[in-house]
Amino acid sequence: MEIINFDKAKNLNSSEIRDYIRKELYAGHTAGLAKNKLQTNIVVLPSQFSDHFLNFCHLNKKACPIVDKTKVGDPFFHNLGRDIDVRLDVPRYNIYKNGKLLNTTKNIKDYWEDTFVAFAIGCSFTFEHELLRNNLELDHIKNNKIVPMYKTNIKNKRSGVFASEMVTSMRIFKKSEAKKVITISKKYSQAHGEPVHVGSPERIGINNILKPNWGDPPRVKKSDEDYYFWACGVTPQNAVMEAKLPFCITHTPGHMLITDTAENKILLT
């Protein structure tokens, strides 16, 4: 096996892509990969914080729809497919210590501890396949970029040390496509559902749309287009950073866990 690029990865199924990722032969973003399969955000933290984090996700389901969690010390997601190992099967991981980014790595074997619990949280990459099937263009996939993501002024409901504000991902569509975009994404409640906002970024606290907090800068929309914002699974990552946990691991934004689960299957709620 050799290192592959995004164009080659697009032709692989979910288990084939994970095999390349596990062997560290693909470490790129996952938007547009594994058609019809659920993609998830990842949070790994010490079990002492897991109950509060679980409750945080339940209180903020729009941004944090949990689709699976592991048992304490078990690195495998048993409900998402065959042999899915959270330590190896994400293209890139962020390591946080006391709320600050310590390192970015391609596996977390050396960081894993028997006290850890891992959470898989639904991702909006999941419904993008159906948007594409309905002739809706996605700039970041077309241009091999990472979708732009922004901190907002939308407050999350607090649970223990976890609070912060919602993070959103943004895509540009024509104003005339609003009904189609909303109808399609609304069906995917396990992947954030319909947009939380359409229109002026300033209304949700985003002052410069060309400078996302994560991902690649977007183009400027045309006069017949709008900015569409979805709740984003980087929300708990933002909450974890602000909580200043002594240690935590997440996916690197845009680099998701690809599962074997159908994109429209409802799992944990």
# chains A, B, ... in the order shown; residues from 1 in each chain; ligands from 1
$ closest_atom_pairs --of "region 192-266 of chain A" --to "region 18-42 of chain A" --cutoff "10 Å" --atoms "only C-alpha atoms" --output "CSV"
residue,atom,partner,partner_atom,distance
A:Gly215,CA,A:His29,CA,9.9
A:Cys232,CA,A:Asn41,CA,9.2
A:Gly233,CA,A:Asn41,CA,5.9
A:Val234,CA,A:Asn41,CA,7.4
A:Thr235,CA,A:Asn41,CA,10.0
A:Pro236,CA,A:Ile42,CA,9.3
A:Gln237,CA,A:Ile42,CA,8.8
A:Ile249,CA,A:Ile42,CA,7.9
A:Thr250,CA,A:Ile42,CA,5.2
A:His251,CA,A:Ile42,CA,5.3
A:Thr252,CA,A:Asn41,CA,8.8
A:Pro253,CA,A:Asn41,CA,8.2
A:Gly254,CA,A:His29,CA,5.3
A:His255,CA,A:His29,CA,4.6
A:Met256,CA,A:Asn41,CA,5.6
A:Leu257,CA,A:Thr40,CA,5.2
A:Ile258,CA,A:Gln39,CA,4.6
A:Thr259,CA,A:Leu38,CA,5.6
A:Asp260,CA,A:Lys37,CA,6.0
A:Thr261,CA,A:Lys37,CA,5.6
A:Ala262,CA,A:Lys37,CA,4.8
A:Glu263,CA,A:Leu38,CA,4.2
A:Asn264,CA,A:Leu38,CA,7.6
A:Lys265,CA,A:Leu38,CA,8.2
$ write_last_selection --atoms "N, CA, C and O atoms" --output "compact mmCIF listing (two decimals), in the first residue's frame"
# COMPACT_ATOMS: atom_id res chain seq x y z
N GLY A 215 -10.73 25.45 9.79
CA GLY A 215 -11.01 25.21 8.38
C GLY A 215 -10.42 26.27 7.48
O GLY A 215 -9.63 27.12 7.91
N CYS A 232 -22.19 22.66 14.76
CA CYS A 232 -21.00 21.89 14.39
C CYS A 232 -20.48 21.08 15.56
O CYS A 232 -20.51 21.53 16.72
N GLY A 233 -19.96 19.90 15.25
CA GLY A 233 -19.42 19.01 16.27
C GLY A 233 -18.10 19.46 16.85
O GLY A 233 -17.54 18.78 17.73
N VAL A 234 -17.58 20.60 16.41
CA VAL A 234 -16.42 21.20 17.08
C VAL A 234 -16.88 21.94 18.33
O VAL A 234 -16.07 22.34 19.16
N THR A 235 -18.19 22.10 18.51
CA THR A 235 -18.74 22.75 19.70
C THR A 235 -18.21 22.13 20.99
O THR A 235 -17.74 22.86 21.87
N PRO A 236 -18.27 20.80 21.17
CA PRO A 236 -17.72 20.23 22.41
C PRO A 236 -16.22 20.42 22.52
O PRO A 236 -15.68 20.55 23.63
N GLN A 237 -15.50 20.48 21.39
CA GLN A 237 -14.07 20.75 21.42
C GLN A 237 -13.82 22.15 21.99
O GLN A 237 -12.91 22.35 22.80
N ILE A 249 -8.51 14.55 24.25
CA ILE A 249 -8.15 14.30 22.85
C ILE A 249 -9.40 14.48 22.00
O ILE A 249 -10.49 14.04 22.36
N THR A 250 -9.24 15.14 20.85
CA THR A 250 -10.33 15.26 19.89
C THR A 250 -9.80 14.97 18.49
O THR A 250 -8.58 14.86 18.29
N HIS A 251 -10.70 14.86 17.52
CA HIS A 251 -10.26 14.87 16.13
C HIS A 251 -9.76 16.26 15.79
O HIS A 251 -10.13 17.25 16.45
N THR A 252 -8.92 16.38 14.80
CA THR A 252 -8.58 17.68 14.24
C THR A 252 -9.74 18.12 13.35
O THR A 252 -10.20 17.32 12.52
N PRO A 253 -10.27 19.32 13.52
CA PRO A 253 -11.45 19.72 12.73
C PRO A 253 -11.28 19.44 11.24
O PRO A 253 -10.25 19.74 10.64
N GLY A 254 -12.33 18.81 10.67
CA GLY A 254 -12.31 18.43 9.26
C GLY A 254 -11.82 17.02 9.02
O GLY A 254 -12.00 16.48 7.92
N HIS A 255 -11.23 16.38 10.04
CA HIS A 255 -10.64 15.04 9.91
C HIS A 255 -11.43 14.09 10.80
O HIS A 255 -11.10 13.88 11.96
N MET A 256 -12.49 13.51 10.23
CA MET A 256 -13.48 12.77 11.01
C MET A 256 -13.20 11.26 11.06
O MET A 256 -12.42 10.73 10.27
N LEU A 257 -13.88 10.61 11.99
CA LEU A 257 -13.94 9.16 12.00
C LEU A 257 -15.00 8.73 11.00
O LEU A 257 -16.16 9.15 11.09
N ILE A 258 -14.63 7.90 10.05
CA ILE A 258 -15.57 7.37 9.06
C ILE A 258 -16.05 6.02 9.55
O ILE A 258 -15.26 5.11 9.82
N THR A 259 -17.36 5.85 9.65
CA THR A 259 -17.94 4.63 10.19
C THR A 259 -18.51 3.75 9.08
O THR A 259 -18.56 4.15 7.91
N ASP A 260 -18.98 2.57 9.45
CA ASP A 260 -19.64 1.67 8.51
C ASP A 260 -21.16 1.79 8.59
O ASP A 260 -21.89 1.04 7.95
N THR A 261 -21.63 2.74 9.37
CA THR A 261 -23.06 2.91 9.62
C THR A 261 -23.70 3.76 8.53
O THR A 261 -23.13 4.76 8.09
N ALA A 262 -24.89 3.38 8.10
CA ALA A 262 -25.61 4.14 7.07
C ALA A 262 -25.82 5.57 7.53
O ALA A 262 -26.13 5.83 8.70
N GLU A 263 -25.68 6.53 6.62
CA GLU A 263 -25.73 7.95 6.95
C GLU A 263 -27.06 8.39 7.53
O GLU A 263 -27.14 9.37 8.26
N ASN A 264 -28.14 7.66 7.22
CA ASN A 264 -29.46 8.08 7.69
C ASN A 264 -29.98 7.23 8.84
O ASN A 264 -31.15 7.33 9.21
N LYS A 265 -29.11 6.41 9.45
CA LYS A 265 -29.54 5.58 10.57
C LYS A 265 -29.44 6.36 11.86
O LYS A 265 -28.42 6.98 12.17
$ residues_around --residues "Asp74 (chain A)" --least-positions-apart "4" --cutoff "8 Å" --atoms "only C-alpha atoms" --output "ChimeraX atom specification"
/A:70,114,116-117
$ write_last_selection --atoms "C-alpha atoms" --output "mmCIF file, in the first residue's frame"
data_model
loop_
_atom_site.group_PDB
_atom_site.id
_atom_site.type_symbol
_atom_site.label_atom_id
_atom_site.label_comp_id
_atom_site.auth_asym_id
_atom_site.auth_seq_id
_atom_site.Cartn_x
_atom_site.Cartn_y
_atom_site.Cartn_z
ATOM 1 C CA THR A 70 -17.162 3.512 24.581
ATOM 2 C CA ASP A 114 -7.476 2.764 30.809
ATOM 3 C CA PHE A 116 -10.535 7.145 29.116
ATOM 4 C CA VAL A 117 -14.011 7.257 27.599
#
$ atom_distance --atom1 "CA of Tyr150 (chain A)" --atom2 "CA of Ser169 (chain A)"
6.4 Å
$ atom_distance --atom1 "CA of Gly99 (chain A)" --atom2 "CA of Cys248 (chain A)"
8.2 Å
$ closest_residue --among "A:Phe49, A:Tyr93, A:Phe119, A:Phe247" --to "Ile66 (chain A)" --atoms "only C-alpha atoms"
A:Phe119
$ select_by_dssp --residues "region 38-215 of chain A" --states "helix (DSSP H, G or I)" --output "PyMOL selection string"
chain A and resi 47-59+125-133+139-142+175-186+189-191+201-204
$ write_last_selection --atoms "C-alpha atoms" --output "short mmCIF file (atom, residue, chain, number, x, y, z; two decimals), in the first residue's frame"
data_model
loop_
_atom_site.label_atom_id
_atom_site.label_comp_id
_atom_site.auth_asym_id
_atom_site.auth_seq_id
_atom_site.Cartn_x
_atom_site.Cartn_y
_atom_site.Cartn_z
CA SER A 47 -13.92 9.04 32.89
CA GLN A 48 -14.24 11.47 35.82
CA PHE A 49 -15.61 14.04 33.36
CA SER A 50 -17.67 11.68 31.19
CA ASP A 51 -21.03 11.98 32.99
CA HIS A 52 -21.02 15.78 32.81
CA PHE A 53 -19.90 15.65 29.19
CA LEU A 54 -22.65 13.16 28.31
CA ASN A 55 -25.20 15.44 29.93
CA PHE A 56 -23.74 18.45 28.10
CA CYS A 57 -24.33 16.63 24.82
CA HIS A 58 -27.89 15.72 25.77
CA LEU A 59 -28.60 19.35 26.70
CA PHE A 125 -20.27 15.84 6.42
CA THR A 126 -22.79 13.00 6.63
CA PHE A 127 -25.64 14.77 4.78
CA GLU A 128 -23.37 16.39 2.20
CA HIS A 129 -23.63 13.31 -0.02
CA GLU A 130 -27.38 13.87 -0.42
CA LEU A 131 -26.86 17.56 -1.06
CA LEU A 132 -24.52 16.60 -3.89
CA ARG A 133 -26.98 14.02 -5.21
CA ASP A 139 -17.29 24.70 -2.45
CA HIS A 140 -15.02 22.91 0.03
CA ILE A 141 -15.43 19.52 -1.65
CA LYS A 142 -15.13 20.96 -5.15
CA LYS A 175 -31.14 31.96 -1.91
CA SER A 176 -33.48 30.07 -4.24
CA GLU A 177 -32.05 26.76 -2.94
CA ALA A 178 -32.95 27.41 0.70
CA LYS A 179 -36.00 25.14 0.81
CA LYS A 180 -34.13 22.24 -0.79
CA VAL A 181 -31.09 22.64 1.48
CA ILE A 182 -33.17 22.84 4.65
CA THR A 183 -35.46 19.94 3.69
CA ILE A 184 -32.55 17.63 2.95
CA SER A 185 -30.40 18.41 5.99
CA LYS A 186 -33.37 18.41 8.39
CA SER A 189 -30.92 14.79 13.16
CA GLN A 190 -27.89 12.65 14.09
CA ALA A 191 -25.76 14.99 11.94
CA PRO A 201 -22.98 36.26 9.98
CA GLU A 202 -22.94 39.26 12.34
CA ARG A 203 -26.31 38.24 13.78
CA ILE A 204 -24.67 35.18 15.39
#
$ residues_around --residues "Val86 (chain A)" --least-positions-apart "4" --cutoff "7 Å" --atoms "only C-alpha atoms" --output "list in words"
Pro75, Phe76 and Val90 of chain A
$ closest_residue --among "A:Pro65, A:Pro218, A:Pro148, A:Gly160" --to "Ala120 (chain A)" --atoms "only C-alpha atoms"
A:Pro65
$ residues_around --residues "Phe229 (chain A)" --least-positions-apart "2" --cutoff "8 Å" --atoms "only C-alpha atoms" --output "PyMOL selection string"
chain A and resi 168-171+195-198+227+231
$ write_last_selection --atoms "N, CA and C atoms" --output "short mmCIF file (atom, residue, chain, number, x, y, z; two decimals), in the first residue's frame"
data_model
loop_
_atom_site.label_atom_id
_atom_site.label_comp_id
_atom_site.auth_asym_id
_atom_site.auth_seq_id
_atom_site.Cartn_x
_atom_site.Cartn_y
_atom_site.Cartn_z
N THR A 168 -20.27 26.79 14.58
CA THR A 168 -21.04 26.47 13.37
C THR A 168 -20.11 26.22 12.19
N SER A 169 -20.56 25.36 11.29
CA SER A 169 -19.91 25.22 9.99
C SER A 169 -20.75 26.00 8.97
N MET A 170 -20.11 26.46 7.89
CA MET A 170 -20.81 27.32 6.94
C MET A 170 -20.62 26.83 5.50
N ARG A 171 -21.72 26.88 4.74
CA ARG A 171 -21.70 26.57 3.33
C ARG A 171 -22.49 27.63 2.59
N PRO A 195 -30.07 23.98 9.17
CA PRO A 195 -29.23 25.09 9.64
C PRO A 195 -29.81 25.78 10.87
N VAL A 196 -28.90 26.33 11.69
CA VAL A 196 -29.34 27.13 12.84
C VAL A 196 -29.47 28.59 12.46
N HIS A 197 -28.91 28.97 11.30
CA HIS A 197 -28.99 30.36 10.86
C HIS A 197 -28.70 30.45 9.37
N VAL A 198 -29.42 31.33 8.70
CA VAL A 198 -29.16 31.63 7.29
C VAL A 198 -29.14 33.15 7.15
N TYR A 227 -25.21 32.83 3.16
CA TYR A 227 -24.40 31.98 4.03
C TYR A 227 -25.35 31.12 4.87
N ALA A 231 -25.08 23.91 13.15
CA ALA A 231 -24.41 23.54 14.39
C ALA A 231 -23.30 22.55 14.06
#
$ select_by_dssp --residues "region 25-268 of chain A" --states "strand (DSSP E)" --output "ChimeraX atom specification"
/A:37-46,66-69,93-97,100-105,116-122,149-155,165-174,197-198,225-231,248-251,257-262
